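Asker: What follows is a single structure, and I will ask about it in a moment.
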There are 2 protein chains.
Amino acid sequence: MDKQRIIEISRLLANPTRLQILEWLKAPEKNFPPQEVVKGFEDGVCVTYIQRKAGLSQSTISTYLSNMSKCGLLILTRHGKWSYFKRNEETFKAYSAFFL
Amino acid sequence: MDKQRIIEISRLLANPTRLQILEWLKAPEKNFPPQEVVKGFEDGVCVTYIQRKAGLSQSTISTYLSNMSKCGLLILTRHGKWSYFKRNEETFKAYSAFFL
DNA sequence: TTGATATATCGGTATTTGTCGATATGTTTG
DNA sequence: CAAACATATCGACAAATACCGATATATCAA
């Protein structure tokens, strides 16, 4: 992982709401209500659930998730009109390794 | 390591110069000229050497180092009028572990 | 004690970020 | 197709950050 990427990721991690979302997504089944359209959390959690729990505006959360996805921290899977986001553990591993 | 600390550290890491300094300090003997007043790099590198190499103003680098030290990323050791900074590997370990 | 040197802190300004409401886009359903 | 819904994008503005030069503080040397 190159330095530019480390910087972008660090910037995204330096925000309480974004960090909290990433923590919630470590255990979606414990932090979000059951999902019905796509059963389970294999593809992650939809924007609406995350937005409600975070309490910021829809546009803010949508942008947060989109940016984290562009940076590789999250993986986006669309099902119809829903967007599901889950953690990309590979990116977290590579990021962590950079500092050791 | 609590979330507030993770955020402060992430913020400090999200800057090219600060990140570069932390990289240089992984191998001081390879990245800085030999030190004479305090032999070797056991206590780290002095502000002047880091400032010259980074190319930003003295005040900026001094503030960067001070902030990274306050956050536990660096360890400050004073010898007379010199301040030496070295990495605090324990903090990097704890920070890294948070994301896994 | 005085001057020189190393570092720290202060005050200012340009740039970036956080966050919103409004609006656009895309998908499903009747 | 039209309405409803989920998400994305845009434009704005307040707050935070990146830097600088000037100055203060602390130590060493003469």
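Ligands are numbered from 1 in the order shown, residues from 1 within each chain, and chains are lettered A, B, ... in the order they appear in the structure tokens.
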At most 12 Å is the cut-off: for each residue in chain B with any atom that close to an atom of chain D, write down the nearest atom pair and the distance in Å rounded to one decimal, counting only C-alpha atoms (C1' of nucleotides), chain first then increasing number, as a Markdown table.
Answerer:
| residue | atom | partner | partner_atom | distance |
| --- | --- | --- | --- | --- |
| B:Arg11 | CA | D:DT17 | C1' | 9.9 |
| B:Leu12 | CA | D:DT17 | C1' | 10.7 |
| B:Ala14 | CA | D:DT17 | C1' | 11.0 |
| B:Asn15 | CA | D:DA18 | C1' | 9.3 |
| B:Pro16 | CA | D:DA18 | C1' | 11.2 |
| B:Thr17 | CA | D:DA18 | C1' | 10.8 |
| B:Arg18 | CA | D:DA18 | C1' | 11.6 |
| B:Gly55 | CA | D:DC19 | C1' | 12.0 |
| B:Leu56 | CA | D:DC19 | C1' | 8.4 |
| B:Ser57 | CA | D:DC20 | C1' | 7.3 |
| B:Gln58 | CA | D:DC20 | C1' | 9.7 |
| B:Ser59 | CA | D:DC20 | C1' | 8.2 |
| B:Thr60 | CA | D:DC19 | C1' | 6.7 |
| B:Ile61 | CA | D:DC19 | C1' | 9.9 |
| B:Thr63 | CA | D:DC19 | C1' | 10.7 |
| B:Tyr64 | CA | D:DA18 | C1' | 10.6 |
| B:Arg78 | CA | D:DT27 | C1' | 11.2 |
| B:His79 | CA | D:DT27 | C1' | 9.8 |
| B:Gly80 | CA | D:DT27 | C1' | 6.1 |
| B:Lys81 | CA | D:DT27 | C1' | 5.1 |
| B:Trp82 | CA | D:DT27 | C1' | 8.9 |
| B:Ser83 | CA | D:DA26 | C1' | 11.6 |
Asker: Give the residues of chain C that lie within 10 Å of chain B; count only C-alpha atoms (C1' of nucleotides), and format the answer as a list of chain:residue names.
Answerer: C:DT5, C:DA6, C:DT7, C:DA8, C:DT9
Asker: Could you write out that same residue set with C-alpha atoms (C1' of nucleotides) as a PDB file, in the first residue's frame?
Answerer:
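File written: result-v7.pdb
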ATOM      1  C1'  DT C   5      21.952  28.320  19.061  1.00  0.00           C
ATOM      2  C1'  DA C   6      17.894  24.912  19.450  1.00  0.00           C
ATOM      3  C1'  DT C   7      13.321  24.551  20.168  1.00  0.00           C
ATOM      4  C1'  DA C   8       8.585  26.132  21.321  1.00  0.00           C
ATOM      5  C1'  DT C   9       4.678  29.041  20.925  1.00  0.00           C
TER       6       DT C   9
END
Asker: At a cut-off of 12 Å, can you tabulate as CSV every residue of chain A near chain B together with its closest atom pair and the distance in Å to one decimal, using only C-alpha atoms and ordering rows by chain then number?
Answerer:
residue,atom,partner,partner_atom,distance
A:Asp2,CA,B:Leu19,CA,11.4
A:Lys3,CA,B:Pro16,CA,7.7
A:Gln4,CA,B:Pro16,CA,7.7
A:Arg5,CA,B:Ala14,CA,9.8
A:Ile6,CA,B:Ala14,CA,7.5
A:Ile7,CA,B:Ala14,CA,4.5
A:Glu8,CA,B:Ala14,CA,6.8
A:Ile9,CA,B:Ala14,CA,7.7
A:Ser10,CA,B:Ala14,CA,4.9
A:Arg11,CA,B:Ala14,CA,5.1
A:Leu12,CA,B:Ser10,CA,8.3
A:Leu13,CA,B:Ser10,CA,6.0
A:Ala14,CA,B:Ile7,CA,4.5
A:Asn15,CA,B:Ile7,CA,6.3
A:Pro16,CA,B:Ile7,CA,6.9
A:Thr17,CA,B:Ile7,CA,10.3
A:Arg18,CA,B:Ile7,CA,10.1
A:Leu19,CA,B:Ile7,CA,7.9
A:Gln20,CA,B:Lys3,CA,8.5
A:Leu22,CA,B:Phe99,CA,8.9
A:Glu23,CA,B:Phe99,CA,8.6
A:Leu25,CA,B:Phe99,CA,11.6
A:Lys26,CA,B:Leu100,CA,9.3
A:Leu73,CA,B:Phe99,CA,10.8
A:Arg87,CA,B:Phe99,CA,10.6
A:Asn88,CA,B:Leu100,CA,10.8
A:Glu89,CA,B:Leu100,CA,7.6
A:Glu90,CA,B:Leu100,CA,9.7
A:Thr91,CA,B:Phe99,CA,9.9
A:Phe92,CA,B:Phe99,CA,6.1
A:Lys93,CA,B:Leu100,CA,6.7
A:Ala94,CA,B:Ser96,CA,9.9
A:Tyr95,CA,B:Ser96,CA,7.8
A:Ser96,CA,B:Ser96,CA,4.5
A:Ala97,CA,B:Ser96,CA,7.2
A:Phe98,CA,B:Ser96,CA,8.6
A:Phe99,CA,B:Phe92,CA,6.1
A:Leu100,CA,B:Phe92,CA,6.6
Asker: May I have all residues of chain A that DSSP, computed from the backbone, assigns to helix (DSSP H, G or I), given as an MDAnalysis selection string?
Answerer: chainID A and resid 3:13 16:24 28:31 47:54 58:70 89:98
Asker: Give me, please, the distance in Å between atom CA of B:Lys53 and atom CA of B:Ile21, quoted to one decimal.
Answerer: 8.9 Å
